[in-house]
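Shown below: model-v6.cif, with mmCIF, C-alpha atoms.
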data_model
#
loop_
_atom_site.label_atom_id
_atom_site.label_comp_id
_atom_site.auth_asym_id
_atom_site.auth_seq_id
_atom_site.Cartn_x
_atom_site.Cartn_y
_atom_site.Cartn_z
CA MET A 1 -9.06 -2.77 23.09
CA ASN A 2 -6.30 -4.64 24.81
CA PRO A 3 -4.32 -6.55 22.20
CA ILE A 4 -2.68 -8.83 24.75
CA PHE A 5 -5.91 -10.68 25.43
CA LYS A 6 -7.46 -11.74 22.17
CA HIS A 7 -11.18 -11.79 21.71
CA GLY A 8 -13.28 -13.69 19.24
CA PRO A 9 -12.33 -16.75 17.24
CA SER A 10 -8.65 -17.64 16.89
CA PRO A 11 -6.73 -16.65 13.74
CA GLN A 12 -6.44 -20.30 12.66
CA TYR A 13 -10.19 -20.69 12.77
CA ARG A 14 -10.68 -17.47 10.84
CA LEU A 15 -8.10 -18.48 8.22
CA VAL A 16 -9.74 -21.86 7.65
CA LEU A 17 -13.17 -20.22 7.37
CA VAL A 18 -11.91 -17.62 4.94
CA LEU A 19 -9.96 -20.08 2.79
CA PHE A 20 -13.05 -22.27 2.61
CA CYS A 21 -15.03 -19.24 1.37
CA SER A 22 -12.31 -18.58 -1.22
CA ALA A 23 -12.33 -22.17 -2.43
CA LEU A 24 -16.12 -22.04 -2.82
CA LEU A 25 -15.93 -18.72 -4.68
CA ILE A 26 -13.17 -19.96 -6.99
CA PHE A 27 -15.08 -23.15 -7.72
CA PHE A 28 -18.39 -21.44 -8.44
CA ASP A 29 -16.86 -18.52 -10.35
CA HIS A 30 -14.37 -20.42 -12.48
CA LYS A 31 -15.79 -23.91 -12.93
CA MET A 32 -19.51 -23.22 -12.86
CA ALA A 33 -19.50 -19.58 -14.07
CA SER A 34 -22.47 -18.95 -11.80
CA PHE A 35 -21.44 -15.42 -10.82
CA GLU A 36 -22.09 -13.75 -14.20
CA SER A 37 -25.05 -11.69 -12.99
CA VAL A 38 -23.54 -11.06 -9.54
CA ARG A 39 -20.38 -9.81 -11.27
CA GLY A 40 -22.48 -7.17 -12.99
CA TYR A 41 -23.72 -5.87 -9.65
CA LEU A 42 -20.24 -6.02 -8.10
CA GLN A 43 -18.87 -4.15 -11.11
CA SER A 44 -21.49 -1.43 -10.62
CA LEU A 45 -20.65 -1.35 -6.91
CA VAL A 46 -16.94 -0.67 -7.42
CA SER A 47 -17.24 1.59 -10.46
CA PRO A 48 -17.16 4.78 -8.29
CA LEU A 49 -13.70 3.66 -7.11
CA GLN A 50 -12.62 3.21 -10.70
CA TYR A 51 -13.94 6.62 -11.69
CA ILE A 52 -12.10 8.28 -8.78
CA ALA A 53 -8.88 6.37 -9.48
CA ASN A 54 -9.07 7.63 -13.02
CA THR A 55 -9.25 11.33 -12.12
CA PRO A 56 -5.47 12.03 -11.91
CA LYS A 57 -5.06 10.69 -15.43
CA GLN A 58 -8.01 12.74 -16.62
CA VAL A 59 -6.58 15.89 -15.03
CA MET A 60 -3.28 15.26 -16.81
CA THR A 61 -5.01 14.68 -20.14
CA TRP A 62 -7.13 17.76 -19.63
CA ALA A 63 -4.02 19.82 -18.86
CA SER A 64 -2.10 18.52 -21.84
CA GLU A 65 -5.09 19.12 -24.09
CA ASN A 66 -5.69 22.64 -22.84
CA LEU A 67 -2.10 23.78 -22.70
CA THR A 68 -1.31 23.53 -26.40
CA THR A 69 -0.05 26.42 -28.43
CA ARG A 70 -1.97 28.08 -31.19
CA GLN A 71 0.65 26.96 -33.68
CA GLN A 72 0.21 23.32 -32.68
CA LEU A 73 -3.55 23.55 -33.03
CA MET A 74 -3.22 25.10 -36.45
CA THR A 75 -0.89 22.39 -37.73
CA GLU A 76 -3.15 19.71 -36.26
CA ASN A 77 -6.18 21.32 -37.82
CA HIS A 78 -4.46 21.40 -41.17
CA GLN A 79 -3.55 17.73 -40.84
CA TYR A 80 -7.11 16.80 -39.94
CA ARG A 81 -8.46 18.70 -42.91
CA LEU A 82 -6.18 16.83 -45.27
CA ASN A 83 -7.19 13.55 -43.62
CA GLU A 84 -10.86 14.41 -43.91
CA LEU A 85 -10.47 15.13 -47.60
CA SER A 86 -8.87 11.78 -48.30
CA PHE A 87 -11.35 9.90 -46.09
CA HIS A 88 -14.24 11.66 -47.77
CA GLU A 89 -12.98 10.59 -51.15
CA GLN A 90 -12.57 7.01 -49.91
CA GLY A 91 -16.05 7.17 -48.39
CA MET A 92 -17.58 8.05 -51.75
CA GLN A 93 -15.86 5.11 -53.36
CA LEU A 94 -16.92 2.86 -50.48
CA GLU A 95 -20.57 3.75 -51.02
CA ILE A 96 -20.38 2.66 -54.66
CA ILE A 97 -18.50 -0.52 -53.76
CA LYS A 98 -21.05 -1.34 -51.05
CA GLN A 99 -23.89 -1.05 -53.53
CA GLU A 100 -22.03 -3.14 -56.05
CA ASN A 101 -21.26 -5.75 -53.40
CA ALA A 102 -24.90 -5.89 -52.33
CA ARG A 103 -25.96 -6.37 -55.99
CA LEU A 104 -23.42 -9.14 -56.52
CA ARG A 105 -24.49 -10.80 -53.28
CA THR A 106 -28.13 -10.81 -54.38
CA LEU A 107 -27.02 -12.30 -57.72
CA LEU A 108 -25.22 -15.06 -55.80
CA ALA A 109 -28.23 -15.43 -53.48
CA SER A 110 -25.95 -15.09 -50.42
CA PRO A 111 -27.26 -13.24 -47.35
CA LEU A 112 -26.88 -9.46 -47.33
CA ARG A 113 -24.60 -7.89 -44.75
CA SER A 114 -26.56 -5.64 -42.45
CA ASP A 115 -25.19 -2.35 -41.19
CA ILE A 116 -23.53 -2.63 -37.80
CA LYS A 117 -24.33 -0.06 -35.13
CA LYS A 118 -21.37 1.55 -33.40
CA MET A 119 -20.77 3.22 -30.06
CA VAL A 120 -17.69 5.11 -28.88
CA ALA A 121 -16.29 4.36 -25.41
CA GLU A 122 -13.31 5.60 -23.46
CA VAL A 123 -10.89 3.45 -21.50
CA LEU A 124 -11.40 4.06 -17.79
CA ALA A 125 -8.78 1.84 -16.25
CA VAL A 126 -6.25 -0.66 -17.41
CA ASP A 127 -5.96 -3.83 -15.44
CA SER A 128 -2.88 -3.97 -13.24
CA ASP A 129 -3.13 -7.72 -12.76
CA PRO A 130 -0.30 -9.23 -14.83
CA TYR A 131 -2.12 -12.52 -15.36
CA THR A 132 -5.06 -11.16 -17.30
CA HIS A 133 -5.32 -8.56 -20.04
CA GLN A 134 -8.43 -6.52 -19.47
CA VAL A 135 -9.51 -2.89 -19.58
CA VAL A 136 -12.51 -1.14 -18.08
CA ILE A 137 -14.55 1.21 -20.27
CA ASN A 138 -17.01 3.97 -19.36
CA ARG A 139 -20.07 2.37 -20.96
CA GLY A 140 -22.38 -0.06 -19.23
CA ALA A 141 -25.80 -1.66 -19.39
CA ASN A 142 -27.37 1.81 -19.31
CA ASP A 143 -25.83 2.51 -22.73
CA GLY A 144 -26.94 -0.83 -24.13
CA VAL A 145 -23.68 -2.72 -23.78
CA TYR A 146 -24.10 -6.49 -23.67
CA GLU A 147 -21.77 -9.39 -22.96
CA GLY A 148 -19.77 -10.62 -25.92
CA GLN A 149 -19.96 -7.32 -27.77
CA VAL A 150 -17.02 -6.75 -30.12
CA VAL A 151 -14.56 -3.95 -29.29
CA LEU A 152 -12.31 -2.24 -31.85
CA ASP A 153 -9.88 0.63 -31.91
CA ALA A 154 -8.99 2.72 -34.96
CA GLN A 155 -6.69 0.01 -36.32
CA GLY A 156 -8.29 -3.34 -35.57
CA ILE A 157 -9.92 -5.80 -33.20
CA VAL A 158 -9.21 -5.17 -29.50
CA GLY A 159 -11.37 -7.78 -27.78
CA GLN A 160 -14.86 -8.35 -26.48
CA ILE A 161 -17.00 -7.38 -23.51
CA LEU A 162 -16.54 -9.73 -20.57
CA HIS A 163 -18.68 -8.34 -17.74
CA VAL A 164 -21.26 -5.57 -17.92
CA GLY A 165 -22.01 -3.20 -15.03
CA GLN A 166 -24.53 -0.36 -14.88
CA THR A 167 -22.12 2.41 -15.89
CA SER A 168 -18.90 0.61 -16.74
CA SER A 169 -17.92 -2.69 -18.25
CA ARG A 170 -14.88 -4.87 -18.63
CA VAL A 171 -13.22 -5.77 -21.93
CA ILE A 172 -11.10 -8.88 -22.35
CA LEU A 173 -8.28 -8.20 -24.83
CA ILE A 174 -7.27 -10.54 -27.64
CA THR A 175 -3.84 -10.94 -26.01
CA ASP A 176 -5.34 -12.47 -22.84
CA ILE A 177 -4.19 -16.04 -22.37
CA SER A 178 -7.75 -17.37 -22.18
CA HIS A 179 -8.93 -15.65 -25.36
CA ALA A 180 -8.88 -16.73 -29.00
CA VAL A 181 -10.16 -15.19 -32.26
CA PRO A 182 -10.98 -17.16 -35.41
CA VAL A 183 -9.03 -15.47 -38.23
CA ARG A 184 -8.08 -16.03 -41.83
CA VAL A 185 -5.07 -14.94 -43.84
CA GLU A 186 -6.21 -12.05 -45.97
CA ARG A 187 -3.99 -13.09 -48.90
CA ASN A 188 -5.36 -16.59 -49.44
CA GLY A 189 -8.23 -17.21 -47.03
CA LEU A 190 -6.37 -19.80 -44.93
CA ARG A 191 -8.21 -20.24 -41.63
CA LEU A 192 -6.33 -20.00 -38.33
CA LEU A 193 -7.01 -19.46 -34.66
CA ALA A 194 -5.29 -16.49 -32.99
CA SER A 195 -4.86 -17.26 -29.29
CA GLY A 196 -3.61 -14.75 -26.77
CA SER A 197 -0.22 -15.48 -25.26
CA GLY A 198 -0.34 -13.26 -22.16
CA ARG A 199 2.14 -10.94 -23.85
CA ILE A 200 0.88 -7.62 -25.08
CA ASP A 201 2.69 -7.87 -28.44
CA ARG A 202 2.13 -11.48 -29.42
CA LEU A 203 -0.62 -13.82 -30.57
CA THR A 204 0.13 -17.50 -31.14
CA HIS A 205 -1.35 -19.81 -33.74
CA ASN A 206 -1.57 -23.47 -32.79
CA PHE A 207 -2.03 -26.49 -35.04
CA VAL A 208 -0.82 -24.91 -38.29
CA PRO A 209 0.19 -27.76 -40.66
CA HIS A 210 3.47 -27.65 -42.58
CA SER A 211 1.60 -27.44 -45.86
CA ALA A 212 -0.04 -24.14 -44.85
CA ASP A 213 0.89 -21.17 -47.02
CA ILE A 214 1.73 -18.49 -44.49
CA GLN A 215 4.53 -15.92 -44.50
CA THR A 216 5.77 -13.17 -42.24
CA GLY A 217 3.97 -9.94 -43.05
CA ASP A 218 0.63 -11.62 -43.87
CA THR A 219 -2.38 -9.73 -42.52
CA LEU A 220 -4.87 -11.76 -40.50
CA VAL A 221 -8.50 -10.66 -40.52
CA THR A 222 -11.47 -12.03 -38.59
CA SER A 223 -13.07 -14.92 -40.40
CA GLY A 224 -16.54 -14.50 -38.91
CA LEU A 225 -16.57 -18.17 -37.90
CA GLY A 226 -17.89 -18.79 -34.43
CA GLY A 227 -20.33 -15.91 -34.78
CA LYS A 228 -18.69 -13.67 -32.17
CA TYR A 229 -16.64 -11.39 -34.39
CA PRO A 230 -18.02 -9.93 -37.63
CA GLU A 231 -16.04 -10.82 -40.72
CA GLY A 232 -13.21 -8.85 -42.25
CA TYR A 233 -11.78 -6.71 -39.44
CA PRO A 234 -7.96 -6.72 -39.19
CA VAL A 235 -6.54 -8.56 -36.17
CA ALA A 236 -2.81 -9.11 -36.50
CA THR A 237 0.24 -9.20 -38.75
CA VAL A 238 2.31 -12.39 -38.89
CA SER A 239 5.70 -11.66 -37.37
CA PHE A 240 7.42 -15.05 -37.13
CA VAL A 241 7.08 -18.37 -38.95
CA SER A 242 9.36 -21.28 -38.11
CA GLN A 243 9.25 -24.18 -40.58
CA ASP A 244 10.97 -26.73 -38.38
CA GLU A 245 10.23 -30.13 -39.95
CA SER A 246 11.11 -31.98 -36.75
CA ARG A 247 8.13 -30.39 -35.04
CA GLU A 248 4.60 -31.55 -35.58
CA PHE A 249 3.23 -28.13 -36.46
CA VAL A 250 4.61 -24.83 -37.71
CA SER A 251 5.01 -22.28 -34.92
CA VAL A 252 3.51 -18.98 -36.01
CA TYR A 253 3.45 -15.73 -34.02
CA SER A 254 1.77 -12.49 -34.91
CA VAL A 255 1.58 -8.93 -33.60
CA PRO A 256 -1.86 -7.39 -32.95
CA ILE A 257 -2.67 -4.54 -35.32
CA ALA A 258 -4.72 -2.68 -32.69
CA GLN A 259 -2.46 -0.69 -30.40
CA ILE A 260 -3.21 -2.76 -27.33
CA ASP A 261 -0.74 -0.86 -25.13
CA ARG A 262 -2.11 2.60 -25.94
CA LEU A 263 -5.84 2.17 -25.97
CA ARG A 264 -7.91 5.24 -25.32
CA TYR A 265 -11.01 5.52 -27.49
CA LEU A 266 -12.71 2.29 -28.43
CA LEU A 267 -15.54 1.41 -30.76
CA LEU A 268 -18.23 -1.07 -29.69
CA LEU A 269 -20.07 -2.87 -32.47
CA SER A 270 -23.61 -3.98 -31.80
CA ASP A 271 -24.36 -6.85 -34.07
CA LYS A 272 -27.84 -7.39 -35.43
CA LYS A 273 -27.05 -11.10 -35.51
CA GLN A 274 -27.69 -11.16 -31.77
CA GLN A 275 -31.41 -11.04 -32.56
CA SER A 276 -31.29 -13.36 -35.52
CA ILE A 277 -29.84 -16.08 -33.32
CA PHE A 278 -32.96 -15.94 -31.17
CA ALA A 279 -35.39 -15.53 -34.04
CA PRO A 280 -35.49 -19.18 -35.24
CA LYS A 281 -35.99 -20.31 -31.65
CA ILE A 282 -39.25 -18.34 -31.39
CA GLN A 283 -40.39 -19.79 -34.73
CA SER A 284 -39.63 -23.33 -33.62
CA THR A 285 -41.45 -22.87 -30.33
CA ALA A 286 -44.39 -21.38 -32.24
CA LYS A 287 -44.38 -24.42 -34.48
CA ALA A 288 -44.23 -26.68 -31.49
CA ALA A 289 -47.20 -24.84 -30.03
CA GLN A 290 -49.17 -25.37 -33.24
CA MET B 1 -15.37 -0.70 13.45
CA PHE B 2 -16.51 2.93 13.46
CA ALA B 3 -15.74 3.75 17.09
CA HIS B 4 -12.48 5.60 17.89
CA ASN B 5 -12.07 7.00 14.38
CA GLY B 6 -12.19 3.55 12.83
CA ILE B 7 -13.57 5.17 9.71
CA ILE B 8 -10.04 6.46 9.02
CA VAL B 9 -8.84 2.85 8.75
CA ILE B 10 -11.46 2.13 6.11
CA PHE B 11 -10.57 5.37 4.37
CA THR B 12 -6.87 4.45 4.12
CA LEU B 13 -7.82 1.00 2.81
CA LEU B 14 -10.03 2.56 0.13
CA ILE B 15 -7.20 4.89 -0.93
CA ALA B 16 -4.91 1.86 -1.14
CA LEU B 17 -7.47 0.10 -3.36
CA MET B 18 -7.61 3.14 -5.64
CA ALA B 19 -3.83 3.34 -5.81
CA SER B 20 -3.68 -0.28 -6.88
CA ILE B 21 -5.97 0.27 -9.88
CA MET B 22 -4.78 3.75 -10.88
CA PRO B 23 -3.73 3.77 -14.54
CA LEU B 24 0.06 3.96 -14.96
CA PRO B 25 2.39 3.75 -17.96
CA LEU B 26 3.12 0.15 -18.92
CA SER B 27 6.81 0.30 -17.95
CA VAL B 28 6.07 1.58 -14.44
CA ASP B 29 3.06 -0.67 -14.02
CA ALA B 30 5.18 -3.80 -13.48
CA PHE B 31 6.71 -2.12 -10.40
CA ARG B 32 3.42 -1.07 -8.81
CA PRO B 33 3.77 -1.77 -5.06
CA ASP B 34 1.11 -3.78 -3.21
CA TRP B 35 -0.60 -0.82 -1.60
CA VAL B 36 -3.44 -2.79 -0.07
CA LEU B 37 -1.09 -5.38 1.44
CA ILE B 38 1.16 -2.70 3.00
CA VAL B 39 -1.76 -0.84 4.57
CA LEU B 40 -3.32 -4.07 5.81
CA ILE B 41 -0.03 -5.26 7.33
CA TYR B 42 0.35 -1.98 9.19
CA TRP B 43 -3.18 -1.99 10.61
CA THR B 44 -3.05 -5.67 11.53
CA MET B 45 0.21 -5.04 13.37
CA ALA B 46 -1.02 -1.91 15.11
CA LEU B 47 -4.64 -2.84 15.80
CA PRO B 48 -4.93 -6.63 15.56
CA GLY B 49 -8.28 -6.54 17.32
CA ARG B 50 -9.88 -4.45 14.62
CA VAL B 51 -8.17 -5.33 11.36
CA ASN B 52 -7.66 -9.04 10.89
CA ILE B 53 -7.96 -11.90 8.47
CA ILE B 54 -11.63 -11.25 7.70
CA THR B 55 -10.87 -7.62 6.77
CA ALA B 56 -7.97 -8.82 4.62
CA TRP B 57 -10.22 -11.31 2.87
CA ILE B 58 -12.83 -8.65 2.12
CA MET B 59 -10.16 -6.30 0.74
CA GLY B 60 -8.77 -9.12 -1.38
CA PHE B 61 -12.27 -9.85 -2.65
CA LEU B 62 -12.73 -6.20 -3.65
CA LEU B 63 -9.36 -6.37 -5.40
CA ASP B 64 -10.59 -9.44 -7.27
CA VAL B 65 -13.64 -7.54 -8.46
CA LEU B 66 -11.57 -4.49 -9.41
CA LEU B 67 -8.93 -6.51 -11.25
CA GLY B 68 -11.39 -8.86 -12.90
CA SER B 69 -9.58 -12.00 -11.79
CA VAL B 70 -11.37 -15.17 -10.69
CA LEU B 71 -13.25 -14.28 -7.49
CA GLY B 72 -11.47 -15.51 -4.37
CA VAL B 73 -7.90 -15.66 -5.70
CA HIS B 74 -6.53 -12.39 -4.31
CA ALA B 75 -8.81 -12.80 -1.29
CA ALA B 76 -7.19 -16.13 -0.35
CA ALA B 77 -3.63 -14.84 -0.91
CA MET B 78 -4.30 -11.69 1.12
CA ALA B 79 -5.83 -13.72 3.98
CA ILE B 80 -2.82 -16.08 4.11
CA ALA B 81 -0.32 -13.18 4.20
CA ILE B 82 -2.28 -11.36 6.91
CA TYR B 83 -2.70 -14.58 8.91
CA ILE B 84 1.09 -14.64 9.40
CA VAL B 85 1.05 -11.04 10.62
CA ALA B 86 -1.93 -11.65 12.92
CA GLU B 87 -0.19 -14.68 14.46
CA SER B 88 3.04 -12.86 15.24
CA PHE B 89 2.18 -9.17 15.45
CA GLN B 90 3.85 -8.84 18.84
CA LYS B 91 7.19 -10.00 17.42
CA ILE B 92 6.97 -7.89 14.28
CA ARG B 93 6.13 -4.79 16.32
CA ASN B 94 9.44 -4.99 18.15
CA PHE B 95 11.58 -5.20 15.04
CA SER B 96 13.25 -2.13 13.56
CA VAL B 97 11.62 -0.53 10.55
CA TRP B 98 14.16 -2.07 8.16
CA GLN B 99 13.60 -5.55 9.53
CA GLN B 100 9.88 -4.96 9.18
CA ALA B 101 10.49 -3.90 5.58
CA LEU B 102 12.21 -7.23 4.87
CA ILE B 103 9.35 -9.13 6.49
CA THR B 104 6.90 -7.15 4.39
CA GLY B 105 8.94 -8.13 1.34
CA VAL B 106 8.72 -11.81 2.24
CA LEU B 107 4.97 -11.49 2.80
CA ALA B 108 4.56 -9.67 -0.53
CA ALA B 109 6.52 -12.43 -2.28
CA LEU B 110 4.31 -15.04 -0.61
CA TYR B 111 1.22 -13.11 -1.67
CA HIS B 112 2.34 -12.93 -5.29
CA LEU B 113 3.35 -16.58 -5.36
CA VAL B 114 0.02 -17.72 -3.91
CA VAL B 115 -1.80 -15.63 -6.52
CA PHE B 116 0.45 -17.11 -9.21
CA TRP B 117 -0.07 -20.70 -8.04
CA LEU B 118 -3.83 -20.29 -7.95
CA GLN B 119 -3.84 -18.68 -11.41
CA ARG B 120 -1.53 -21.41 -12.68
CA PHE B 121 -3.98 -23.96 -11.32
CA LEU B 122 -6.99 -22.25 -12.94
CA ILE B 123 -5.63 -20.85 -16.23
CA ASP B 124 -2.24 -21.92 -17.57
CA VAL B 125 -0.22 -18.78 -16.91
CA VAL B 126 3.55 -18.88 -17.30
CA PHE B 127 5.87 -17.54 -14.61
CA LEU B 128 7.82 -14.40 -15.45
CA THR B 129 10.28 -12.85 -13.01
CA SER B 130 8.55 -9.52 -13.63
CA TYR B 131 5.66 -10.83 -11.47
CA LEU B 132 7.92 -10.39 -8.44
CA TYR B 133 9.10 -6.83 -9.23
CA PRO B 134 6.43 -5.34 -6.91
CA VAL B 135 8.22 -7.01 -3.98
CA ILE B 136 11.18 -4.64 -4.43
CA THR B 137 9.02 -1.52 -4.50
CA THR B 138 7.00 -2.81 -1.56
CA ILE B 139 10.18 -3.17 0.54
CA VAL B 140 11.32 0.33 -0.41
CA LEU B 141 7.90 1.78 0.32
CA TRP B 142 7.36 0.12 3.72
CA PRO B 143 9.37 2.52 5.96
CA TRP B 144 7.64 5.57 4.48
CA MET B 145 4.19 4.06 4.69
CA PHE B 146 4.93 2.88 8.23
CA LEU B 147 5.86 6.40 9.35
CA LEU B 148 2.91 7.94 7.51
CA LEU B 149 0.34 5.49 8.88
CA ARG B 150 1.76 5.77 12.40
CA LYS B 151 1.35 9.53 12.17
CA VAL B 152 -2.21 9.04 10.95
CA ARG B 153 -2.93 6.63 13.79
CA ARG B 154 -1.54 8.96 16.47
CA ASN B 155 -3.06 12.06 14.95
CA PHE B 156 -6.57 10.63 14.90
CA SER B 157 -5.89 8.56 18.05
CA ILE B 158 -7.29 5.42 16.46
CA LYS B 159 -7.42 2.65 19.00
#

Show this structure as structure tokens.
Amino acid sequence: MNPIFKHGPSPQYRLVLVLFCSALLIFFDHKMASFESVRGYLQSLVSPLQYIANTPKQVMTWASENLTTRQQLMTENHQYRLNELSFHEQGMQLEIIKQENARLRTLLASPLRSDIKKMVAEVLAVDSDPYTHQVVINRGANDGVYEGQVVLDAQGIVGQILHVGQTSSRVILITDISHAVPVRVERNGLRLLASGSGRIDRLTHNFVPHSADIQTGDTLVTSGLGGKYPEGYPVATVSFVSQDESREFVSVYSVPIAQIDRLRYLLLLSDKKQQSIFAPKIQSTAKAAQ
Amino acid sequence: MFAHNGIIVIFTLLIALMASIMPLPLSVDAFRPDWVLIVLIYWTMALPGRVNIITAWIMGFLLDVLLGSVLGVHAAAMAIAIYIVAESFQKIRNFSVWQQALITGVLAALYHLVVFWLQRFLIDVVFLTSYLYPVITTIVLWPWMFLLLRKVRRNFSIK
């Protein structure tokens, strides 16, 4: 190959062609969202790269897990035993409270809460793109993951599934700028919207009126409105409230309860509601057929 | 593409892709150099007949899939940066390594700004100076990557 004499189309031509392709892709991916299924295949295609990129971290974790002293293990074991005892005791109480709650709900003729199935996943890769907050987990369509599935860590809500591949899938975090969770203040039931701010330690709440009763330190839990997130899981703690009367709304910030910057093991909830949404449709079509 | 050990070029590009998604602590992550851009600039400069704008676009597209951004954003930015190299590879070749490092820095800044502008256009992201930190590490990394890749090219006699 002699680089002095160029072959093929000129760079300008190539650039225009390629930028045209990009514009088409951006339009169809962002505005029309017509790449949802293709994304799944692409995700499956690149997941080997993600698994390989993750190996150094796994080696380090393996080393740090295997190179602990006996003393450390014993103290940890002791700690876990104490924890288990207290959790066990709480679990017994929870069982009674659940039954009581179910009884009261039947008395009030409100719908019973069904048990939610859970699945544990491990974080494979954290997104290095500063504009979006996403992580990749090691569960995919083969494990029954579906789009919109709710993701938790040990403390609270982390986000939801964005794209599903065969063996890995992508989670959008609640701190992503394009994400919002419907929440309520645990203390008084005031409804709010927790939008991501693009910062890992902050959620913003828009359109909060001055009459709203909200203080720093309030816990925000999911309200279950919108049908994406099940009710009652902790989301954030209010960190800043500015009652500036010259502004139209109160500016409220909160800190996510889930440790967004140190995610490792995640819990995926599979909601039974997913089926119940489709159930009336079948009935109505059956009626229409009759 | 595969003749004359061209597979090595693809191999280095794949390693660069892996390095750009490798999990790092949050504090170091902001300084992650643009591995893919550096490797692409080197190969475009050394072998403009084999690695060019189309290759850059494909690598950018893969980066889009890996990073989960809107498809086409990184691809467009990568293609624009590599277009400049492909247009003036003969000039850039004759510069000293440090001058090349500065040019790489300018290209990296352009790349990040194009990505930012497109993201700003699509989703309302706010500009933080930390988005340009990778430019510094890219400049520092260029001479070492240049020497390493030149050694690779000569060792495998990639033409």

**OP:** Between A:Ile52, A:Val181, A:Gly40, A:Lys98, single out the one closest to Ala19 of chain B, counting only C-alpha atoms.
**Re:** A:Ile52

Original post:
Counting all atoms listed in the file, which residues come within 12 Å of (7.9, -13.8, -28.3), with the point read in the file's coordinates, and could you list them as a PyMOL selection string?
Top reply: chain A and resi 196-204+239-241+251-255

**OP:** Could you tell me which residues the PyMOL selection byres ((chain B and resi 102-115) around 10) returns for this structure, as a PyMOL selection string?
**Re:** (chain A and resi 131) or (chain B and resi 33-34+37-38+41-42+72-82+84-85+92+95+97-101+116-121+127+131-142)

**OP:** Kindly extract all protein, DNA and RNA residues lying within 12 Å of the coordinates (-30.3, 0.6, -20.9) given in the file, considering all atoms listed in the file, and supply them as a list in words.
**Re:**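 Output of the proximity query reads Arg139, Gly140, Ala141, Asn142, Asp143, Gly144, Val145, Tyr146, Val164, Gly165, Gln166 and Thr167 of chain A.
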
**OP:** Pull out every residue of chain B sitting within 6 Å of chain A, counting only C-alpha atoms, and send them as a VMD selection string.
**Re:** chain B and resid 18 22 to 23 67 71 to 72 76

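Relative to atom CA of Ile260 of chain A, atom CA of Pro25 of chain B is found at 12.7 Å.
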
**OP:** On this file, the PyMOL selection byres ((chain B and resi 16) around 10) gives some set of residues; write that set as a count of residues only.
**Re:** 20

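The spacing separating atom CA of Val51 of chain B from atom CA of Asn155 of chain B amounts to 18.5 Å.
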
Original post:
What is the distance, in Å and to one decimal place, between atom CA of Gly156 of chain A and atom CA of Lys118 of chain A?
Top reply: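 Pair atom CA of Gly156 of chain A / atom CA of Lys118 of chain A returns 14.1 Å.
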
Using the incomplete input, complete segment 16-27 of chain B to the level of N, CA and C atoms; output as a compact mmCIF listing (two decimals), in the frame of the given file.
# COMPACT_ATOMS: atom_id res chain seq x y z
N ALA B 16 -5.84 2.89 -0.67
CA ALA B 16 -4.91 1.86 -1.14
C ALA B 16 -5.50 1.09 -2.32
N LEU B 17 -6.81 0.79 -2.24
CA LEU B 17 -7.47 0.10 -3.36
C LEU B 17 -7.40 0.94 -4.62
N MET B 18 -7.65 2.26 -4.47
CA MET B 18 -7.61 3.14 -5.64
C MET B 18 -6.21 3.19 -6.23
N ALA B 19 -5.21 3.26 -5.33
CA ALA B 19 -3.83 3.34 -5.81
C ALA B 19 -3.45 2.07 -6.57
N SER B 20 -4.07 0.95 -6.20
CA SER B 20 -3.68 -0.28 -6.88
C SER B 20 -4.40 -0.48 -8.21
N ILE B 21 -5.38 0.37 -8.53
CA ILE B 21 -5.97 0.27 -9.88
C ILE B 21 -5.74 1.52 -10.70
N MET B 22 -5.00 2.49 -10.16
CA MET B 22 -4.78 3.75 -10.88
C MET B 22 -4.00 3.47 -12.17
N PRO B 23 -4.45 4.04 -13.30
CA PRO B 23 -3.73 3.77 -14.54
C PRO B 23 -2.31 4.34 -14.51
N LEU B 24 -1.34 3.54 -14.93
CA LEU B 24 0.06 3.96 -14.96
C LEU B 24 0.64 3.55 -16.31
N PRO B 25 1.73 4.21 -16.73
CA PRO B 25 2.39 3.75 -17.96
C PRO B 25 2.84 2.29 -17.82
N LEU B 26 2.89 1.59 -18.95
CA LEU B 26 3.12 0.15 -18.92
C LEU B 26 4.45 -0.22 -18.28
N SER B 27 5.48 0.64 -18.47
CA SER B 27 6.81 0.30 -17.95
C SER B 27 6.85 0.41 -16.43
